[in-house]
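Enquirer: Contents of target-v1.cif (mmCIF, C-alpha atoms; chains and numbers go by the auth columns) are given next:
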```cif
data_query
loop_
_atom_site.group_PDB
_atom_site.id
_atom_site.type_symbol
_atom_site.label_atom_id
_atom_site.label_comp_id
_atom_site.label_asym_id
_atom_site.label_seq_id
_atom_site.Cartn_x
_atom_site.Cartn_y
_atom_site.Cartn_z
_atom_site.B_iso_or_equiv
_atom_site.auth_seq_id
_atom_site.auth_asym_id
ATOM 1 C CA MET A 1 56.088 168.964 157.054 0.00 1 A
ATOM 2 C CA ILE A 2 58.466 166.935 154.870 0.00 2 A
ATOM 3 C CA ARG A 3 60.515 168.904 152.400 0.00 3 A
ATOM 4 C CA SER A 4 61.770 167.321 149.226 0.00 4 A
ATOM 5 C CA LYS A 5 64.736 168.545 147.248 0.00 5 A
ATOM 6 C CA THR A 6 63.564 166.633 144.199 0.00 6 A
ATOM 7 C CA LEU A 7 60.184 168.354 143.873 0.00 7 A
ATOM 8 C CA PRO A 8 61.549 171.496 142.163 0.00 8 A
ATOM 9 C CA LEU A 9 63.518 169.284 139.766 0.00 9 A
ATOM 10 C CA LEU A 10 60.429 167.214 138.923 0.00 10 A
ATOM 11 C CA LEU A 11 58.387 170.347 138.326 0.00 11 A
ATOM 12 C CA ALA A 12 61.091 171.741 136.060 0.00 12 A
ATOM 13 C CA LEU A 13 61.162 168.527 134.019 0.00 13 A
ATOM 14 C CA VAL A 14 57.383 168.491 133.627 0.00 14 A
ATOM 15 C CA MET A 15 57.404 172.081 132.395 0.00 15 A
ATOM 16 C CA LEU A 16 60.064 171.492 129.706 0.00 16 A
ATOM 17 C CA PRO A 17 58.800 171.365 126.127 0.00 17 A
ATOM 18 C CA ALA A 18 58.921 167.982 124.435 0.00 18 A
ATOM 19 C CA ALA A 19 62.315 167.465 122.836 0.00 19 A
ATOM 20 C CA ALA A 20 62.362 167.112 119.081 0.00 20 A
ATOM 21 C CA HIS A 21 63.518 163.789 117.720 0.00 21 A
ATOM 22 C CA ALA A 22 67.136 164.010 116.718 0.00 22 A
ATOM 23 C CA ALA A 23 68.189 163.039 113.221 0.00 23 A
ATOM 24 C CA LYS A 24 70.019 159.715 113.127 0.00 24 A
ATOM 25 C CA ILE A 25 71.604 157.751 110.297 0.00 25 A
ATOM 26 C CA ASN A 26 70.347 154.344 111.348 0.00 26 A
ATOM 27 C CA LYS A 27 71.396 152.315 108.284 0.00 27 A
ATOM 28 C CA ALA A 28 74.459 152.710 106.105 0.00 28 A
ATOM 29 C CA SER A 29 76.400 150.372 103.841 0.00 29 A
ATOM 30 C CA ALA A 30 79.082 150.647 101.197 0.00 30 A
ATOM 31 C CA THR A 31 80.190 148.699 98.148 0.00 31 A
ATOM 32 C CA VAL A 32 82.542 149.174 95.213 0.00 32 A
ATOM 33 C CA THR A 33 80.727 149.358 91.893 0.00 33 A
ATOM 34 C CA ASP A 34 81.576 148.308 88.386 0.00 34 A
ATOM 35 C CA GLY A 35 79.534 151.296 87.184 0.00 35 A
ATOM 36 C CA ASN A 36 76.412 149.291 86.388 0.00 36 A
ATOM 37 C CA ILE A 37 74.271 150.156 89.412 0.00 37 A
ATOM 38 C CA ARG A 38 70.682 151.031 88.517 0.00 38 A
ATOM 39 C CA ALA A 39 69.423 152.422 91.828 0.00 39 A
ATOM 40 C CA SER A 40 66.767 155.113 91.618 0.00 40 A
ATOM 41 C CA GLU A 41 67.918 156.538 94.956 0.00 41 A
ATOM 42 C CA VAL A 42 71.447 157.301 93.751 0.00 42 A
ATOM 43 C CA ALA A 43 71.996 161.044 93.711 0.00 43 A
ATOM 44 C CA ALA A 44 71.860 162.258 90.107 0.00 44 A
ATOM 45 C CA GLN A 45 72.394 158.638 89.010 0.00 45 A
ATOM 46 C CA GLN A 46 76.095 159.027 89.808 0.00 46 A
ATOM 47 C CA THR A 47 77.842 155.670 89.721 0.00 47 A
ATOM 48 C CA PHE A 48 81.402 155.159 88.668 0.00 48 A
ATOM 49 C CA HIS A 49 83.490 152.239 87.459 0.00 49 A
ATOM 50 C CA GLY A 50 85.440 151.415 90.597 0.00 50 A
ATOM 51 C CA GLY A 51 83.546 154.003 92.586 0.00 51 A
ATOM 52 C CA LEU A 52 82.295 153.686 96.120 0.00 52 A
ATOM 53 C CA LEU A 53 78.528 153.511 96.497 0.00 53 A
ATOM 54 C CA VAL A 54 77.222 154.426 99.954 0.00 54 A
ATOM 55 C CA SER A 55 73.559 153.615 100.634 0.00 55 A
ATOM 56 C CA PHE A 56 71.901 155.011 103.732 0.00 56 A
ATOM 57 C CA GLN A 57 68.724 155.728 105.651 0.00 57 A
ATOM 58 C CA GLU A 58 68.307 158.608 108.073 0.00 58 A
ATOM 59 C CA VAL A 59 65.323 159.103 110.367 0.00 59 A
ATOM 60 C CA GLY A 60 64.212 162.018 112.508 0.00 60 A
ATOM 61 C CA VAL A 61 65.096 164.713 109.972 0.00 61 A
ATOM 62 C CA PRO A 62 63.370 167.850 111.278 0.00 62 A
ATOM 63 C CA GLY A 63 60.792 169.837 109.324 0.00 63 A
ATOM 64 C CA SER A 64 58.336 168.930 106.623 0.00 64 A
ATOM 65 C CA ASN A 65 60.157 167.675 103.514 0.00 65 A
ATOM 66 C CA PRO A 66 63.329 169.683 104.087 0.00 66 A
ATOM 67 C CA THR A 67 66.344 169.260 101.876 0.00 67 A
ATOM 68 C CA THR A 68 69.319 167.756 103.640 0.00 68 A
ATOM 69 C CA ASN A 69 72.940 167.901 102.480 0.00 69 A
ATOM 70 C CA TYR A 70 75.206 164.884 102.794 0.00 70 A
ATOM 71 C CA GLN A 71 78.908 164.237 102.321 0.00 71 A
ATOM 72 C CA VAL A 72 80.684 160.905 101.971 0.00 72 A
ATOM 73 C CA THR A 73 84.419 160.769 102.678 0.00 73 A
ATOM 74 C CA ALA A 74 86.860 157.862 102.458 0.00 74 A
ATOM 75 C CA ASP A 75 90.497 156.947 101.948 0.00 75 A
ATOM 76 C CA CYS A 76 91.119 155.409 98.531 0.00 76 A
ATOM 77 C CA SER A 77 93.885 153.271 97.070 0.00 77 A
ATOM 78 C CA ALA A 78 93.734 152.669 93.321 0.00 78 A
ATOM 79 C CA ILE A 79 95.980 150.748 90.940 0.00 79 A
ATOM 80 C CA TYR A 80 96.068 151.667 87.272 0.00 80 A
ATOM 81 C CA ALA A 81 97.532 149.392 84.605 0.00 81 A
ATOM 82 C CA CYS A 82 98.286 149.352 80.898 0.00 82 A
ATOM 83 C CA VAL A 83 96.285 146.821 78.891 0.00 83 A
ATOM 84 C CA ASN A 84 96.482 145.853 75.239 0.00 84 A
ATOM 85 C CA ASN A 85 93.536 145.576 72.845 0.00 85 A
ATOM 86 C CA GLY A 86 92.960 141.991 74.043 0.00 86 A
ATOM 87 C CA GLY A 87 92.458 143.193 77.630 0.00 87 A
ATOM 88 C CA ASN A 88 95.743 141.666 78.837 0.00 88 A
ATOM 89 C CA THR A 89 98.378 143.339 80.969 0.00 89 A
ATOM 90 C CA PRO A 90 101.505 142.401 79.016 0.00 90 A
ATOM 91 C CA ASN A 91 103.992 143.784 81.546 0.00 91 A
ATOM 92 C CA ALA A 92 103.529 143.720 85.316 0.00 92 A
ATOM 93 C CA SER A 93 105.680 146.840 85.625 0.00 93 A
ATOM 94 C CA ASN A 94 103.009 148.754 83.696 0.00 94 A
ATOM 95 C CA LYS A 95 101.045 149.318 86.907 0.00 95 A
ATOM 96 C CA GLN A 96 101.073 152.284 89.200 0.00 96 A
ATOM 97 C CA GLY A 97 99.203 153.028 92.407 0.00 97 A
ATOM 98 C CA VAL A 98 97.773 156.179 93.871 0.00 98 A
ATOM 99 C CA GLN A 99 96.379 156.864 97.357 0.00 99 A
ATOM 100 C CA GLY A 100 94.442 159.701 98.926 0.00 100 A
ATOM 101 C CA PRO A 101 91.132 161.003 100.199 0.00 101 A
ATOM 102 C CA VAL A 102 87.950 161.019 98.107 0.00 102 A
ATOM 103 C CA ALA A 103 84.615 162.709 98.747 0.00 103 A
ATOM 104 C CA ALA A 104 81.228 163.393 97.189 0.00 104 A
ATOM 105 C CA ASN A 105 78.256 165.553 98.163 0.00 105 A
ATOM 106 C CA ALA A 106 74.548 165.182 97.480 0.00 106 A
ATOM 107 C CA THR A 107 71.246 166.694 98.571 0.00 107 A
ATOM 108 C CA PHE A 108 68.095 164.705 99.339 0.00 108 A
ATOM 109 C CA THR A 109 64.562 165.606 100.436 0.00 109 A
ATOM 110 C CA SER A 110 62.955 163.749 103.315 0.00 110 A
ATOM 111 C CA ASP A 111 59.527 162.186 103.107 0.00 111 A
ATOM 112 C CA GLY A 112 56.734 163.665 105.208 0.00 112 A
ATOM 113 C CA ASN A 113 57.806 161.546 108.198 0.00 113 A
ATOM 114 C CA GLY A 114 61.388 162.837 108.431 0.00 114 A
ATOM 115 C CA LYS A 115 63.004 159.868 106.656 0.00 115 A
ATOM 116 C CA VAL A 116 65.642 160.072 103.916 0.00 116 A
ATOM 117 C CA ILE A 117 66.670 157.018 101.904 0.00 117 A
ATOM 118 C CA GLY A 118 69.427 157.458 99.356 0.00 118 A
ATOM 119 C CA ALA A 119 72.762 156.487 97.915 0.00 119 A
ATOM 120 C CA ILE A 120 75.797 158.538 96.962 0.00 120 A
ATOM 121 C CA GLY A 121 78.396 157.511 94.394 0.00 121 A
ATOM 122 C CA VAL A 122 81.997 158.557 95.028 0.00 122 A
ATOM 123 C CA PRO A 123 84.432 158.430 92.095 0.00 123 A
ATOM 124 C CA PRO A 124 87.817 156.721 92.517 0.00 124 A
ATOM 125 C CA LEU A 125 91.078 158.610 92.333 0.00 125 A
ATOM 126 C CA ASN A 126 92.372 159.412 88.856 0.00 126 A
ATOM 127 C CA ALA A 127 95.432 157.708 87.403 0.00 127 A
ATOM 128 C CA PRO A 128 98.700 159.203 88.674 0.00 128 A
ATOM 129 C CA ASN A 129 100.047 162.213 86.787 0.00 129 A
ATOM 130 C CA GLY A 130 102.639 161.200 84.245 0.00 130 A
ATOM 131 C CA PHE A 131 101.526 157.572 84.065 0.00 131 A
ATOM 132 C CA SER A 132 101.354 156.508 80.431 0.00 132 A
ATOM 133 C CA CYS A 133 101.305 153.397 78.285 0.00 133 A
ATOM 134 C CA VAL A 134 103.135 152.440 75.126 0.00 134 A
ATOM 135 C CA PRO A 135 101.269 152.848 71.826 0.00 135 A
ATOM 136 C CA GLY A 136 98.613 150.173 71.392 0.00 136 A
ATOM 137 C CA GLN A 137 97.845 150.020 75.119 0.00 137 A
ATOM 138 C CA SER A 138 95.443 152.010 77.255 0.00 138 A
ATOM 139 C CA ILE A 139 95.240 152.938 80.933 0.00 139 A
ATOM 140 C CA VAL A 140 92.558 151.157 82.965 0.00 140 A
ATOM 141 C CA LEU A 141 91.623 150.974 86.612 0.00 141 A
ATOM 142 C CA ALA A 142 92.990 147.583 87.688 0.00 142 A
ATOM 143 C CA GLY A 143 91.794 147.614 91.285 0.00 143 A
ATOM 144 C CA VAL A 144 90.498 149.910 93.983 0.00 144 A
ATOM 145 C CA SER A 145 90.055 149.843 97.744 0.00 145 A
ATOM 146 C CA TYR A 146 88.301 152.158 100.214 0.00 146 A
ATOM 147 C CA THR A 147 88.653 152.461 103.997 0.00 147 A
ATOM 148 C CA ASN A 148 87.584 154.927 106.706 0.00 148 A
ATOM 149 C CA VAL A 149 84.206 155.520 105.046 0.00 149 A
ATOM 150 C CA VAL A 150 82.050 158.163 106.745 0.00 150 A
ATOM 151 C CA ILE A 151 78.677 159.592 105.743 0.00 151 A
ATOM 152 C CA THR A 152 77.733 162.953 107.242 0.00 152 A
ATOM 153 C CA ASP A 153 74.442 164.829 107.259 0.00 153 A
ATOM 154 C CA THR A 154 76.054 168.276 107.085 0.00 154 A
ATOM 155 C CA THR A 155 72.703 170.023 107.561 0.00 155 A
ATOM 156 C CA ASN A 156 71.972 168.466 110.968 0.00 156 A
ATOM 157 C CA GLY A 157 75.510 167.583 112.081 0.00 157 A
ATOM 158 C CA VAL A 158 74.993 163.815 112.151 0.00 158 A
ATOM 159 C CA SER A 159 77.524 161.278 110.904 0.00 159 A
ATOM 160 C CA THR A 160 78.277 157.591 111.006 0.00 160 A
ATOM 161 C CA SER A 161 81.282 155.483 110.071 0.00 161 A
ATOM 162 C CA ILE A 162 80.941 152.394 107.907 0.00 162 A
ATOM 163 C CA PRO A 163 83.578 149.946 109.127 0.00 163 A
ATOM 164 C CA GLY A 164 85.517 147.691 106.800 0.00 164 A
ATOM 165 C CA THR A 165 87.556 147.665 103.626 0.00 165 A
ATOM 166 C CA PHE A 166 85.653 147.793 100.357 0.00 166 A
ATOM 167 C CA SER A 167 87.623 146.653 97.329 0.00 167 A
ATOM 168 C CA LEU A 168 87.300 145.245 93.838 0.00 168 A
ATOM 169 C CA THR A 169 89.878 143.938 91.345 0.00 169 A
ATOM 170 C CA PHE A 170 89.203 144.464 87.635 0.00 170 A
ATOM 171 C CA VAL A 171 92.487 143.442 85.976 0.00 171 A
ATOM 172 C CA GLN A 172 95.117 141.059 87.351 0.00 172 A
#
```
Write out the structure in this file as C-alpha cells.
Expert:
Amino acid sequence: MIRSKTLPLLLALVMLPAAAHAAKINKASATVTDGNIRASEVAAQQTFHGGLLVSFQEVGVPGSNPTTNYQVTADCSAIYACVNNGGNTPNASNKQGVQGPVAANATFTSDGNGKVIGAIGVPPLNAPNGFSCVPGQSIVLAGVSYTNVVITDTTNGVSTSIPGTFSLTFVQ
C-alpha cells in the first residue's frame, strides 16, 4: 500500500468553504480642480477651487448594498498671493506658501454586485495665518500641488496609492 502525505492536505483543502472575494480598489486617479467639476459621483458634490479630486472604483465589496467609508489623504503645497481688482499680482513678494497634510472622508453604497464607483473632493490648505494684503487687494490661491495621494476603504481595510504629483497654477 502506498501512503501519501499530500492526501490529508488535499482533503482539507476540498473541505474548506469558498473564500469570499476580497474588496479591491482596482481603479483610482487624481486631478486638481478649478472647482467646476460636475460629476454626479462626487460625494456630496464637494469640489473645491484648487482641490484634489480622487476618482475610484472598488470591486468585491462584501454584502448586499453595504455602505463603505473612504478616506483620501495627501501632502499639499499651496501658494497664496495678493491680487488687485484687475487680477494682477503687483508685487512678487506678496506671495506666501503653506505645506501640510490634507484629508477628506466620504461614504458610498455599493451596487448589488459589490462595486463602488465614486469621487472624493479634498480641499486645499488655507492661506497661512497672518498673511494679508494691502487695501484694494485680495488673497487668492495662486497654485497648488499634491503628492503621496492615498485612498483607503476604511470599512474593509483596503487602500491604494496614486503615484505622481498633481498640480495647477492659477496666478503667476
Enquirer: Since I can't run it myself right now, could you work out what the PyMOL selection byres ((chain A and resi 50) around 9) selects here and report it as a list in words?
Expert: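 Selected by the PyMOL selection byres ((chain A and resi 50) around 9) here: Val32, Thr33, Asp34, Gly35, Thr47, Phe48, His49, Gly51, Leu52, Ala78, Pro123, Pro124, Leu141, Ala142, Gly143, Val144, Ser145, Ser167, Leu168, Thr169 and Phe170 of chain A.
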Enquirer: Find, counting all atoms listed in the file, the residue in A:Ala81, A:Ala106, A:Val140, A:Ala23 that gets nearest to A:Gly63.
Expert: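 The shortest atom-to-atom distance to A:Gly63 comes from A:Ala23.
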Enquirer: Check the smallest atom-to-atom distance from each of A:Ala127, A:Cys133, A:Ala30, A:Val122 to A:Pro163 using all atoms listed in the file, then report the winner.
Expert: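 Among A:Ala127, A:Cys133, A:Ala30, A:Val122, it is A:Ala30 that comes nearest to A:Pro163.
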Enquirer: Would you compute the distance between atom CA of A:Asn26 and atom CA of A:Asn148? Give it in Å to one decimal.
Expert: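 Atom-to-atom, atom CA of A:Asn26 and atom CA of A:Asn148 are spaced 17.9 Å apart.
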Enquirer: Counting all atoms listed in the file, figure out which residue out of A:Asn84, A:Thr107, A:Lys95, A:Asn113 gets nearest to A:Ser132.
Expert: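 Ranking A:Asn84, A:Thr107, A:Lys95, A:Asn113 by distance to A:Ser132, first place goes to A:Lys95.
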Enquirer: Got a sec to resolve the PyMOL selection byres ((chain A and resi 149-156) around 9) on this structure and send the residues as JSON, numbers by chain?
Expert: {"A": [22, 23, 24, 25, 28, 30, 54, 56, 58, 61, 62, 67, 68, 69, 70, 71, 72, 73, 74, 75, 146, 147, 148, 157, 158, 159, 160, 161, 162, 163, 164, 165]}
Enquirer: At what distance in Å, to one decimal, does atom CA of A:Gly121 lie from atom CA of A:Ala103?
Expert: 9.2 Å
Enquirer: What would the list of residues within 6 Å of (93.7, 154.4, 94.1) (file frame) look like as a list in words, if only C-alpha atoms are what count?
Expert: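 Returned residue set, sorted by chain then number, is Cys76, Ser77, Ala78, Ile79, Gly97, Val98, Gln99, Leu125 and Val144 of chain A.
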Enquirer: I'd like the interatomic distance between atom CA of A:Gln172 and atom CA of A:Ile120, to a tenth of an Å.
Expert: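 Separating atom CA of A:Gln172 from atom CA of A:Ile120 is a distance of 27.8 Å.
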Enquirer: Convert the output of the PyMOL selection byres ((chain A and resi 115) around 8) on the shown file into explicit residues, formatted as a PyMOL selection string.
Expert: chain A and resi 57-61+110-114+116-117
Enquirer: Counting only C-alpha atoms, which residue out of A:Lys27, A:Pro66, A:Val171, A:Ser138 sits closest to A:Val83?
Expert: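 That would be A:Ser138, the residue with the smallest distance to A:Val83.
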